[in-house]
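Just my_file_14.pdb here, PDB, C-alpha atoms:
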```pdb
MODEL        1
ATOM      1  CA  MET A  11     -95.719  62.608 -32.435  1.00  0.00           C
ATOM      2  CA  SER A  12     -97.045  59.462 -30.690  1.00  0.00           C
ATOM      3  CA  ARG A  13     -96.014  56.038 -31.981  1.00  0.00           C
ATOM      4  CA  SER A  14     -98.402  53.644 -33.672  1.00  0.00           C
ATOM      5  CA  ASP A  15     -97.605  50.873 -31.172  1.00  0.00           C
ATOM      6  CA  PRO A  16    -100.704  50.874 -28.870  1.00  0.00           C
ATOM      7  CA  ALA A  17     -98.780  49.123 -26.102  1.00  0.00           C
ATOM      8  CA  ARG A  18     -96.538  52.166 -25.705  1.00  0.00           C
ATOM      9  CA  SER A  19     -98.951  54.992 -26.373  1.00  0.00           C
ATOM     10  CA  ALA A  20    -102.240  53.891 -24.785  1.00  0.00           C
ATOM     11  CA  PRO A  21    -101.188  54.147 -21.102  1.00  0.00           C
ATOM     12  CA  VAL A  22     -99.806  57.609 -21.682  1.00  0.00           C
ATOM     13  CA  ARG A  23    -103.001  58.801 -23.383  1.00  0.00           C
ATOM     14  CA  ARG A  24    -105.001  57.591 -20.383  1.00  0.00           C
ATOM     15  CA  ALA A  25    -102.694  59.577 -18.106  1.00  0.00           C
ATOM     16  CA  ALA A  26    -103.336  62.640 -20.224  1.00  0.00           C
ATOM     17  CA  LEU A  27    -107.087  62.288 -19.842  1.00  0.00           C
ATOM     18  CA  MET A  28    -106.765  61.910 -16.095  1.00  0.00           C
ATOM     19  CA  SER A  29    -104.411  64.847 -15.564  1.00  0.00           C
ATOM     20  CA  PRO A  30    -106.010  68.176 -14.517  1.00  0.00           C
ATOM     21  CA  ALA A  31    -106.112  71.020 -17.014  1.00  0.00           C
ATOM     22  CA  ALA A  32    -103.067  73.234 -16.696  1.00  0.00           C
ATOM     23  CA  LYS A  33    -103.315  77.005 -16.436  1.00  0.00           C
ATOM     24  CA  LEU A  34    -101.396  78.975 -19.053  1.00  0.00           C
ATOM     25  CA  PRO A  35     -99.102  81.800 -17.961  1.00  0.00           C
ATOM     26  CA  SER A  36    -100.163  85.325 -18.876  1.00  0.00           C
ATOM     27  CA  ALA A  37     -96.678  86.466 -19.915  1.00  0.00           C
ATOM     28  CA  ARG A  38     -93.575  85.020 -21.542  1.00  0.00           C
ATOM     29  CA  PRO A  39     -90.043  84.864 -20.118  1.00  0.00           C
ATOM     30  CA  GLU A  40     -87.607  87.538 -21.292  1.00  0.00           C
ATOM     31  CA  SER A  41     -85.007  84.889 -22.165  1.00  0.00           C
ATOM     32  CA  ALA A  42     -83.850  81.381 -21.336  1.00  0.00           C
ATOM     33  CA  VAL A  43     -81.171  82.790 -19.035  1.00  0.00           C
ATOM     34  CA  ASP A  44     -83.678  85.036 -17.222  1.00  0.00           C
ATOM     35  CA  LEU A  45     -86.097  82.126 -16.843  1.00  0.00           C
ATOM     36  CA  TRP A  46     -83.578  79.708 -15.319  1.00  0.00           C
ATOM     37  CA  LEU A  47     -81.724  82.346 -13.289  1.00  0.00           C
ATOM     38  CA  GLY A  48     -85.016  83.540 -11.824  1.00  0.00           C
ATOM     39  CA  GLN A  49     -85.937  80.025 -10.811  1.00  0.00           C
ATOM     40  CA  GLN A  50     -82.560  79.590  -9.106  1.00  0.00           C
ATOM     41  CA  LEU A  51     -83.142  82.804  -7.144  1.00  0.00           C
ATOM     42  CA  ARG A  52     -86.569  81.554  -6.127  1.00  0.00           C
ATOM     43  CA  GLN A  53     -85.030  78.253  -5.048  1.00  0.00           C
ATOM     44  CA  LEU A  54     -82.444  80.039  -2.876  1.00  0.00           C
ATOM     45  CA  ARG A  55     -85.131  82.179  -1.256  1.00  0.00           C
ATOM     46  CA  LYS A  56     -87.340  79.185  -0.466  1.00  0.00           C
ATOM     47  CA  GLN A  57     -84.422  77.152   0.883  1.00  0.00           C
ATOM     48  CA  GLN A  58     -83.726  79.977   3.337  1.00  0.00           C
ATOM     49  CA  GLY A  59     -87.392  80.441   4.240  1.00  0.00           C
ATOM     50  CA  ARG A  60     -87.423  84.084   3.146  1.00  0.00           C
ATOM     51  CA  PRO A  61     -90.760  85.650   2.114  1.00  0.00           C
ATOM     52  CA  LEU A  62     -90.722  87.487  -1.208  1.00  0.00           C
ATOM     53  CA  ALA A  63     -91.655  90.791   0.460  1.00  0.00           C
ATOM     54  CA  ASP A  64     -88.847  90.437   3.005  1.00  0.00           C
ATOM     55  CA  VAL A  65     -86.157  89.968   0.336  1.00  0.00           C
ATOM     56  CA  ALA A  66     -87.529  92.791  -1.798  1.00  0.00           C
ATOM     57  CA  ARG A  67     -87.527  95.156   1.201  1.00  0.00           C
ATOM     58  CA  ALA A  68     -83.977  94.195   2.190  1.00  0.00           C
ATOM     59  CA  CYS A  69     -82.730  94.839  -1.361  1.00  0.00           C
ATOM     60  CA  GLY A  70     -84.626  98.111  -1.723  1.00  0.00           C
ATOM     61  CA  ILE A  71     -86.574  96.960  -4.772  1.00  0.00           C
ATOM     62  CA  SER A  72     -90.288  96.594  -5.371  1.00  0.00           C
ATOM     63  CA  LEU A  73     -92.123  93.379  -4.625  1.00  0.00           C
ATOM     64  CA  GLY A  74     -93.446  93.348  -8.185  1.00  0.00           C
ATOM     65  CA  LEU A  75     -89.965  93.622  -9.719  1.00  0.00           C
ATOM     66  CA  LEU A  76     -88.558  90.785  -7.626  1.00  0.00           C
ATOM     67  CA  SER A  77     -91.555  88.624  -8.493  1.00  0.00           C
ATOM     68  CA  GLN A  78     -90.993  89.301 -12.199  1.00  0.00           C
ATOM     69  CA  ILE A  79     -87.282  88.495 -11.901  1.00  0.00           C
ATOM     70  CA  GLU A  80     -88.057  85.172 -10.208  1.00  0.00           C
ATOM     71  CA  ARG A  81     -90.501  84.291 -12.989  1.00  0.00           C
ATOM     72  CA  GLY A  82     -88.036  85.304 -15.700  1.00  0.00           C
ATOM     73  CA  LEU A  83     -90.288  88.143 -16.884  1.00  0.00           C
ATOM     74  CA  SER A  84     -87.684  90.843 -16.154  1.00  0.00           C
ATOM     75  CA  SER A  85     -83.896  90.844 -16.398  1.00  0.00           C
ATOM     76  CA  ALA A  86     -81.962  91.470 -13.175  1.00  0.00           C
ATOM     77  CA  SER A  87     -79.301  94.167 -13.388  1.00  0.00           C
ATOM     78  CA  VAL A  88     -75.798  93.462 -12.066  1.00  0.00           C
ATOM     79  CA  LYS A  89     -76.563  95.817  -9.152  1.00  0.00           C
ATOM     80  CA  ILE A  90     -79.660  93.843  -8.182  1.00  0.00           C
ATOM     81  CA  LEU A  91     -77.772  90.554  -8.485  1.00  0.00           C
ATOM     82  CA  HIS A  92     -75.150  91.940  -6.065  1.00  0.00           C
ATOM     83  CA  LEU A  93     -77.913  92.836  -3.601  1.00  0.00           C
ATOM     84  CA  LEU A  94     -79.547  89.420  -3.934  1.00  0.00           C
ATOM     85  CA  ALA A  95     -76.206  87.641  -3.530  1.00  0.00           C
ATOM     86  CA  ARG A  96     -75.648  89.549  -0.287  1.00  0.00           C
ATOM     87  CA  GLU A  97     -79.101  88.631   1.034  1.00  0.00           C
ATOM     88  CA  PHE A  98     -78.781  84.944   0.133  1.00  0.00           C
ATOM     89  CA  ARG A  99     -75.140  84.786   1.323  1.00  0.00           C
ATOM     90  CA  VAL A 100     -73.817  83.402  -1.964  1.00  0.00           C
ATOM     91  CA  SER A 101     -71.113  84.691  -4.283  1.00  0.00           C
ATOM     92  CA  VAL A 102     -72.022  87.092  -7.057  1.00  0.00           C
ATOM     93  CA  ASN A 103     -70.083  84.877  -9.479  1.00  0.00           C
ATOM     94  CA  SER A 104     -72.340  81.920  -8.691  1.00  0.00           C
ATOM     95  CA  LEU A 105     -75.306  84.000  -9.853  1.00  0.00           C
ATOM     96  CA  LEU A 106     -73.608  85.710 -12.780  1.00  0.00           C
ATOM     97  CA  ARG A 107     -71.958  82.660 -14.312  1.00  0.00           C
ATOM     98  CA  ASN A 108     -75.241  81.627 -15.946  1.00  0.00           C
ATOM     99  CA  ALA A 109     -75.977  85.104 -17.307  1.00  0.00           C
ATOM    100  CA  GLU A 110     -72.620  86.090 -18.757  1.00  0.00           C
ATOM    101  CA  HIS A 111     -71.600  85.448 -22.344  1.00  0.00           C
ATOM    102  CA  THR A 112     -68.022  84.708 -23.368  1.00  0.00           C
ATOM    103  CA  GLU A 113     -66.734  86.170 -26.610  1.00  0.00           C
ATOM    104  CA  GLY A 114     -65.755  82.750 -27.932  1.00  0.00           C
ATOM    105  CA  GLU A 115     -63.258  82.227 -30.752  1.00  0.00           C
ATOM    106  CA  ASP A 116     -63.205  82.964 -34.473  1.00  0.00           C
ATOM    107  CA  GLY A 117     -65.460  85.987 -34.069  1.00  0.00           C
ATOM    108  CA  GLY A 118     -67.802  84.162 -31.717  1.00  0.00           C
ATOM    109  CA  ARG A 119     -68.418  81.272 -34.112  1.00  0.00           C
ATOM    110  CA  VAL A 120     -66.611  78.764 -31.865  1.00  0.00           C
ATOM    111  CA  ALA A 121     -67.396  78.024 -28.196  1.00  0.00           C
ATOM    112  CA  ARG A 122     -64.860  75.707 -26.547  1.00  0.00           C
ATOM    113  CA  ALA A 123     -65.669  72.936 -24.089  1.00  0.00           C
ATOM    114  CA  GLY A 124     -65.700  74.337 -20.569  1.00  0.00           C
ATOM    115  CA  THR A 125     -66.910  77.791 -21.672  1.00  0.00           C
ATOM    116  CA  HIS A 126     -70.582  76.916 -22.180  1.00  0.00           C
ATOM    117  CA  ARG A 127     -73.114  78.409 -19.797  1.00  0.00           C
ATOM    118  CA  TYR A 128     -74.321  75.876 -17.244  1.00  0.00           C
ATOM    119  CA  ILE A 129     -77.697  76.257 -15.550  1.00  0.00           C
ATOM    120  CA  ASP A 130     -78.458  74.214 -12.428  1.00  0.00           C
ATOM    121  CA  LEU A 131     -81.998  73.850 -11.082  1.00  0.00           C
ATOM    122  CA  SER A 132     -81.663  71.240  -8.355  1.00  0.00           C
ATOM    123  CA  GLU A 133     -85.160  72.050  -7.033  1.00  0.00           C
ATOM    124  CA  LYS A 134     -86.616  70.856 -10.336  1.00  0.00           C
ATOM    125  CA  GLY A 135     -84.071  68.085 -10.874  1.00  0.00           C
ATOM    126  CA  ILE A 136     -82.849  69.728 -14.083  1.00  0.00           C
ATOM    127  CA  SER A 137     -79.504  71.044 -15.318  1.00  0.00           C
ATOM    128  CA  LYS A 138     -78.778  72.538 -18.731  1.00  0.00           C
ATOM    129  CA  GLU A 139     -75.664  73.266 -20.750  1.00  0.00           C
ATOM    130  CA  MET A 140     -76.083  75.932 -23.434  1.00  0.00           C
ATOM    131  CA  TYR A 141     -73.886  75.068 -26.430  1.00  0.00           C
ATOM    132  CA  THR A 142     -74.808  78.054 -28.628  1.00  0.00           C
ATOM    133  CA  PRO A 143     -71.718  80.020 -29.795  1.00  0.00           C
ATOM    134  CA  PRO A 144     -72.026  83.803 -29.176  1.00  0.00           C
ATOM    135  CA  ALA A 145     -72.213  84.681 -32.892  1.00  0.00           C
ATOM    136  CA  CYS A 146     -75.297  82.532 -33.511  1.00  0.00           C
ATOM    137  CA  ARG A 147     -78.336  84.787 -33.871  1.00  0.00           C
ATOM    138  CA  SER A 148     -81.221  82.619 -35.028  1.00  0.00           C
ATOM    139  CA  MET A 149     -80.728  79.272 -33.251  1.00  0.00           C
ATOM    140  CA  ASP A 150     -79.928  77.847 -29.830  1.00  0.00           C
ATOM    141  CA  LEU A 151     -78.565  74.423 -28.914  1.00  0.00           C
ATOM    142  CA  CYS A 152     -78.703  72.978 -25.413  1.00  0.00           C
ATOM    143  CA  ARG A 153     -78.415  69.693 -23.559  1.00  0.00           C
ATOM    144  CA  ALA A 154     -80.752  69.038 -20.630  1.00  0.00           C
ATOM    145  CA  THR A 155     -80.034  66.490 -17.901  1.00  0.00           C
ATOM    146  CA  ILE A 156     -83.180  65.523 -16.001  1.00  0.00           C
ATOM    147  CA  GLU A 157     -83.055  63.469 -12.814  1.00  0.00           C
ATOM    148  CA  PRO A 158     -85.778  60.859 -12.092  1.00  0.00           C
ATOM    149  CA  GLY A 159     -88.959  62.793 -11.297  1.00  0.00           C
ATOM    150  CA  GLY A 160     -87.442  66.076 -12.500  1.00  0.00           C
ATOM    151  CA  SER A 161     -89.822  68.328 -14.418  1.00  0.00           C
ATOM    152  CA  THR A 162     -90.607  71.859 -15.583  1.00  0.00           C
ATOM    153  CA  GLY A 163     -93.558  71.929 -13.193  1.00  0.00           C
ATOM    154  CA  SER A 164     -97.294  71.278 -13.302  1.00  0.00           C
ATOM    155  CA  GLU A 165     -98.196  74.252 -15.508  1.00  0.00           C
ATOM    156  CA  LEU A 166     -97.813  74.574 -19.259  1.00  0.00           C
ATOM    157  CA  PHE A 167     -95.558  77.359 -20.555  1.00  0.00           C
ATOM    158  CA  VAL A 168     -94.747  79.019 -23.888  1.00  0.00           C
ATOM    159  CA  THR A 169     -91.667  80.868 -25.194  1.00  0.00           C
ATOM    160  CA  GLY A 170     -91.349  83.138 -28.218  1.00  0.00           C
ATOM    161  CA  GLN A 171     -91.607  82.171 -31.870  1.00  0.00           C
ATOM    162  CA  GLY A 172     -89.888  79.669 -34.140  1.00  0.00           C
ATOM    163  CA  GLU A 173     -89.642  75.896 -33.734  1.00  0.00           C
ATOM    164  CA  GLN A 174     -87.911  73.427 -31.438  1.00  0.00           C
ATOM    165  CA  ILE A 175     -86.578  69.949 -32.238  1.00  0.00           C
ATOM    166  CA  GLY A 176     -85.341  67.485 -29.641  1.00  0.00           C
ATOM    167  CA  VAL A 177     -83.916  63.992 -29.385  1.00  0.00           C
ATOM    168  CA  VAL A 178     -83.775  61.793 -26.283  1.00  0.00           C
ATOM    169  CA  LEU A 179     -80.199  60.553 -25.839  1.00  0.00           C
ATOM    170  CA  LYS A 180     -80.731  58.597 -22.603  1.00  0.00           C
ATOM    171  CA  GLY A 181     -83.682  57.600 -20.445  1.00  0.00           C
ATOM    172  CA  SER A 182     -87.271  58.674 -21.124  1.00  0.00           C
ATOM    173  CA  LEU A 183     -89.203  61.929 -21.410  1.00  0.00           C
ATOM    174  CA  GLU A 184     -92.894  62.525 -20.814  1.00  0.00           C
ATOM    175  CA  LEU A 185     -93.832  65.474 -23.023  1.00  0.00           C
ATOM    176  CA  TRP A 186     -97.100  67.427 -22.811  1.00  0.00           C
ATOM    177  CA  VAL A 187     -97.820  69.551 -25.906  1.00  0.00           C
ATOM    178  CA  GLY A 188    -101.157  71.339 -25.732  1.00  0.00           C
ATOM    179  CA  ASP A 189    -103.761  68.781 -24.644  1.00  0.00           C
ATOM    180  CA  ARG A 190    -101.675  65.754 -25.680  1.00  0.00           C
ATOM    181  CA  VAL A 191     -98.971  63.788 -23.891  1.00  0.00           C
ATOM    182  CA  VAL A 192     -96.452  61.345 -25.338  1.00  0.00           C
ATOM    183  CA  LEU A 193     -93.806  59.112 -23.816  1.00  0.00           C
ATOM    184  CA  LEU A 194     -90.428  59.354 -25.564  1.00  0.00           C
ATOM    185  CA  ASN A 195     -87.555  56.909 -25.139  1.00  0.00           C
ATOM    186  CA  GLU A 196     -83.918  56.724 -26.244  1.00  0.00           C
ATOM    187  CA  GLY A 197     -83.532  57.638 -29.899  1.00  0.00           C
ATOM    188  CA  ASP A 198     -87.011  59.186 -30.205  1.00  0.00           C
ATOM    189  CA  SER A 199     -87.162  62.718 -31.623  1.00  0.00           C
ATOM    190  CA  PHE A 200     -89.894  65.351 -31.471  1.00  0.00           C
ATOM    191  CA  CYS A 201     -90.738  68.911 -32.506  1.00  0.00           C
ATOM    192  CA  TYR A 202     -93.191  71.710 -31.702  1.00  0.00           C
ATOM    193  CA  ALA A 203     -93.652  75.434 -32.254  1.00  0.00           C
ATOM    194  CA  SER A 204     -92.100  77.554 -29.480  1.00  0.00           C
ATOM    195  CA  SER A 205     -95.491  79.256 -29.023  1.00  0.00           C
ATOM    196  CA  THR A 206     -97.165  75.906 -28.209  1.00  0.00           C
ATOM    197  CA  PRO A 207     -98.074  75.402 -24.515  1.00  0.00           C
ATOM    198  CA  ARG A 208     -95.987  72.538 -23.114  1.00  0.00           C
ATOM    199  CA  ARG A 209     -94.291  70.939 -20.116  1.00  0.00           C
ATOM    200  CA  TRP A 210     -92.117  67.879 -19.591  1.00  0.00           C
ATOM    201  CA  ARG A 211     -90.715  65.520 -16.978  1.00  0.00           C
ATOM    202  CA  ASN A 212     -88.598  62.412 -16.479  1.00  0.00           C
ATOM    203  CA  PRO A 213     -91.006  59.620 -15.458  1.00  0.00           C
ATOM    204  CA  GLY A 214     -88.306  56.953 -15.251  1.00  0.00           C
ATOM    205  CA  SER A 215     -85.912  55.651 -12.610  1.00  0.00           C
ATOM    206  CA  ARG A 216     -82.698  56.814 -14.311  1.00  0.00           C
ATOM    207  CA  THR A 217     -81.303  60.102 -15.559  1.00  0.00           C
ATOM    208  CA  THR A 218     -82.626  61.433 -18.873  1.00  0.00           C
ATOM    209  CA  GLU A 219     -80.567  63.456 -21.351  1.00  0.00           C
ATOM    210  CA  VAL A 220     -82.152  65.459 -24.163  1.00  0.00           C
ATOM    211  CA  ILE A 221     -80.633  67.661 -26.878  1.00  0.00           C
ATOM    212  CA  TRP A 222     -82.754  70.629 -28.029  1.00  0.00           C
ATOM    213  CA  ALA A 223     -82.229  72.696 -31.201  1.00  0.00           C
ATOM    214  CA  ILE A 224     -84.264  75.907 -31.091  1.00  0.00           C
ATOM    215  CA  SER A 225     -84.887  78.262 -33.993  1.00  0.00           C
ATOM    216  CA  ASN A 226     -85.707  81.829 -33.041  1.00  0.00           C
ATOM    217  CA  ILE A 227     -87.472  84.045 -35.547  1.00  0.00           C
ATOM    218  CA  THR A 228     -87.279  87.130 -33.308  1.00  0.00           C
ATOM    219  CA  GLN A 229     -83.515  86.785 -32.917  1.00  0.00           C
ATOM    220  CA  ALA A 230     -83.060  86.508 -36.659  1.00  0.00           C
ATOM    221  CA  ALA A 231     -84.876  89.844 -36.901  1.00  0.00           C
ATOM    222  CA  GLY A 232     -82.465  91.445 -34.438  1.00  0.00           C
ATOM    223  CA  ASP A 233     -84.046  90.722 -31.043  1.00  0.00           C
ATOM    224  CA  ASP A 234     -81.441  89.244 -28.664  1.00  0.00           C
ATOM    225  CA  THR A 235     -84.020  87.187 -26.742  1.00  0.00           C
ATOM    226  CA  LYS A 236     -83.038  83.597 -25.944  1.00  0.00           C
ATOM    227  CA  GLN A 237     -85.627  80.888 -25.606  1.00  0.00           C
ATOM    228  CA  ALA A 238     -86.088  77.960 -23.249  1.00  0.00           C
ATOM    229  CA  PRO A 239     -87.137  74.402 -24.192  1.00  0.00           C
TER
ENDMDL
END
```

Could you quickly redo this structure as structure tokens?
Amino acid sequence: MSRSDPARSAPVRRAALMSPAAKLPSARPESAVDLWLGQQLRQLRKQQGRPLADVARACGISLGLLSQIERGLSSASVKILHLLAREFRVSVNSLLRNAEHTEGEDGGRVARAGTHRYIDLSEKGISKEMYTPPACRSMDLCRATIEPGGSTGSELFVTGQGEQIGVVLKGSLELWVGDRVVLLNEGDSFCYASSTPRRWRNPGSRTTEVIWAISNITQAAGDDTKQAP
């Protein structure tokens, strides 16, 4: 994936050698929606200074379940989302709007502007708009907006099967794939298997926009799991 121009690629390779080894997660997110919704819940809890055990006790759910929901490893039921909304003093709609699917038009093959799911992770400096029409079973399409310094975090993560292709529309993207790192700029495209450990961030001083197309082998086989870039 790296370019042949040594002036662009060499500094990034040095950064890769200097960066500490990242620990791989032991489990995979249930879906893209669960992953991002869980991180929003975690952000709300931290903003309010609430310990995980305190929120779990107040909602009458186990500590383990809440931890899994925050990590995207379990789906939160509507009942649990109502309890969490009450504890965090936010509207249920503000939590549900990123988990609900609209029926779309033409049998779900058309999703109009303004109906796409929008996922906001201000703690990470990332927002995502999911363009996938409801009828699509084997692919996802999303646009990520990444503020300067925004990133998926310091640890590598994996999601499901299939492949992912991306193109940088604006700004720059620092992409770690396995033990390699590459700096991508406007117009650069990239790909990797969804099962490949990865992470990414915006190393620049202006907002980055990236389009991701994600194939999903498990969905094509009938599993309704959504993936995350």

- request: Quick one: apply the PyMOL selection byres ((chain A and resi 198) around 9) to the file and drop the selected residues here as number ranges by chain.
  value: A: 176-179, 194-197, 199-200

Output for the residues just chosen: C-alpha atoms as an mmCIF file, in the frame of the given file:
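Output contents, as saved in again09.cif:
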```cif
data_model
loop_
_atom_site.group_PDB
_atom_site.id
_atom_site.type_symbol
_atom_site.label_atom_id
_atom_site.label_comp_id
_atom_site.auth_asym_id
_atom_site.auth_seq_id
_atom_site.Cartn_x
_atom_site.Cartn_y
_atom_site.Cartn_z
ATOM 1 C CA GLY A 176 -85.341 67.485 -29.641
ATOM 2 C CA VAL A 177 -83.916 63.992 -29.385
ATOM 3 C CA VAL A 178 -83.775 61.793 -26.283
ATOM 4 C CA LEU A 179 -80.199 60.553 -25.839
ATOM 5 C CA LEU A 194 -90.428 59.354 -25.564
ATOM 6 C CA ASN A 195 -87.555 56.909 -25.139
ATOM 7 C CA GLU A 196 -83.918 56.724 -26.244
ATOM 8 C CA GLY A 197 -83.532 57.638 -29.899
ATOM 9 C CA SER A 199 -87.162 62.718 -31.623
ATOM 10 C CA PHE A 200 -89.894 65.351 -31.471
#
```

message: Taking (-100.9, 67.5, -28.9) in the coordinates of the supplied file, I want to know which residues reach to within 10 Å of it, counting only C-alpha atoms; could you give the answer as a VMD selection string?
response: chain A and resid 11 to 12 185 to 192 202 206 to 208

message: I'd like the interatomic distance between atom CA of A:Thr142 and atom CA of A:Arg52, to a tenth of an Å.
response: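 A separation of 25.6 Å between them.
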
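Nearest to A:Thr162 of all the residues A:Ile136, A:Lys89, A:Ile175, A:Ala145 is A:Ile136, counting only C-alpha atoms.
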
message: If I take atom CA of A:Gly124 and atom CA of A:Arg216, how far is one from the other in Å, to one decimal?
response: 25.2 Å

Around all the atoms of stretch 196-213 of chain A listed in the file, draw an axis-aligned box and extend it by 4 Å on each of the six sides; I want its centre and edge lengths in Å to one decimal, as JSON.
```
{"center_x": -90.8, "center_y": 68.0, "center_z": -24.0, "size_x": 22.5, "size_y": 30.5, "size_z": 25.0}
```

field: Selection result of the PyMOL selection byres ((chain A and resi 146) around 10) on this file, as a VMD selection string
entry: chain A and resid 118 to 120 142 to 145 147 to 151 229 to 230

Output the selection as a compact mmCIF listing (two decimals), in the frame of the given file - C-alpha atoms for each residue.
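Heads up, here's the output in selection-v8.txt:
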```txt
# COMPACT_ATOMS: atom_id res chain seq x y z
CA GLY A 118 -67.80 84.16 -31.72
CA ARG A 119 -68.42 81.27 -34.11
CA VAL A 120 -66.61 78.76 -31.86
CA THR A 142 -74.81 78.05 -28.63
CA PRO A 143 -71.72 80.02 -29.80
CA PRO A 144 -72.03 83.80 -29.18
CA ALA A 145 -72.21 84.68 -32.89
CA ARG A 147 -78.34 84.79 -33.87
CA SER A 148 -81.22 82.62 -35.03
CA MET A 149 -80.73 79.27 -33.25
CA ASP A 150 -79.93 77.85 -29.83
CA LEU A 151 -78.56 74.42 -28.91
CA GLN A 229 -83.52 86.78 -32.92
CA ALA A 230 -83.06 86.51 -36.66
```

query: For the atom pair atom CA of A:Cys201 and atom CA of A:Arg122, what is the interatomic distance in Å to one decimal place?
result: 27.4 Å

Taking the file as shown, what set of residues would the PyMOL selection byres ((chain A and resi 171) around 6) give back, as a PDB file with C-alpha atoms, keeping the file's coordinate frame?
```
ATOM      1  CA  GLY A 170     -91.349  83.138 -28.218  1.00  0.00           C
ATOM      2  CA  GLY A 172     -89.888  79.669 -34.140  1.00  0.00           C
ATOM      3  CA  SER A 204     -92.100  77.554 -29.480  1.00  0.00           C
ATOM      4  CA  SER A 205     -95.491  79.256 -29.023  1.00  0.00           C
ATOM      5  CA  ILE A 227     -87.472  84.045 -35.547  1.00  0.00           C
TER       6      ILE A 227
END
```

Selection near A:Arg55, 9 Å with all atoms listed in the file, sequence-local residues under 5 positions removed, as a PyMOL selection string: chain A and resi 50+60-62+65+98

statement: Residue with the minimum atom-to-atom distance to A:Glu139, picked from A:Val220, A:Leu45, A:Leu54, A:Ala68 with all atoms listed in the file counted, is A:Val220

message: Just checking: using all atoms listed in the file, which residue out of A:Arg209, A:Ser182, A:Asp130, A:Ser225 ends up closest to A:Ser164?
response: A:Arg209

message: I'd like to know which of A:Glu115, A:Asp44, A:Glu97, A:Glu80 is closest to A:Arg67, using only C-alpha atoms.
response: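 Of A:Glu115, A:Asp44, A:Glu97, A:Glu80, the one nearest A:Arg67 is A:Glu97, counting only C-alpha atoms.
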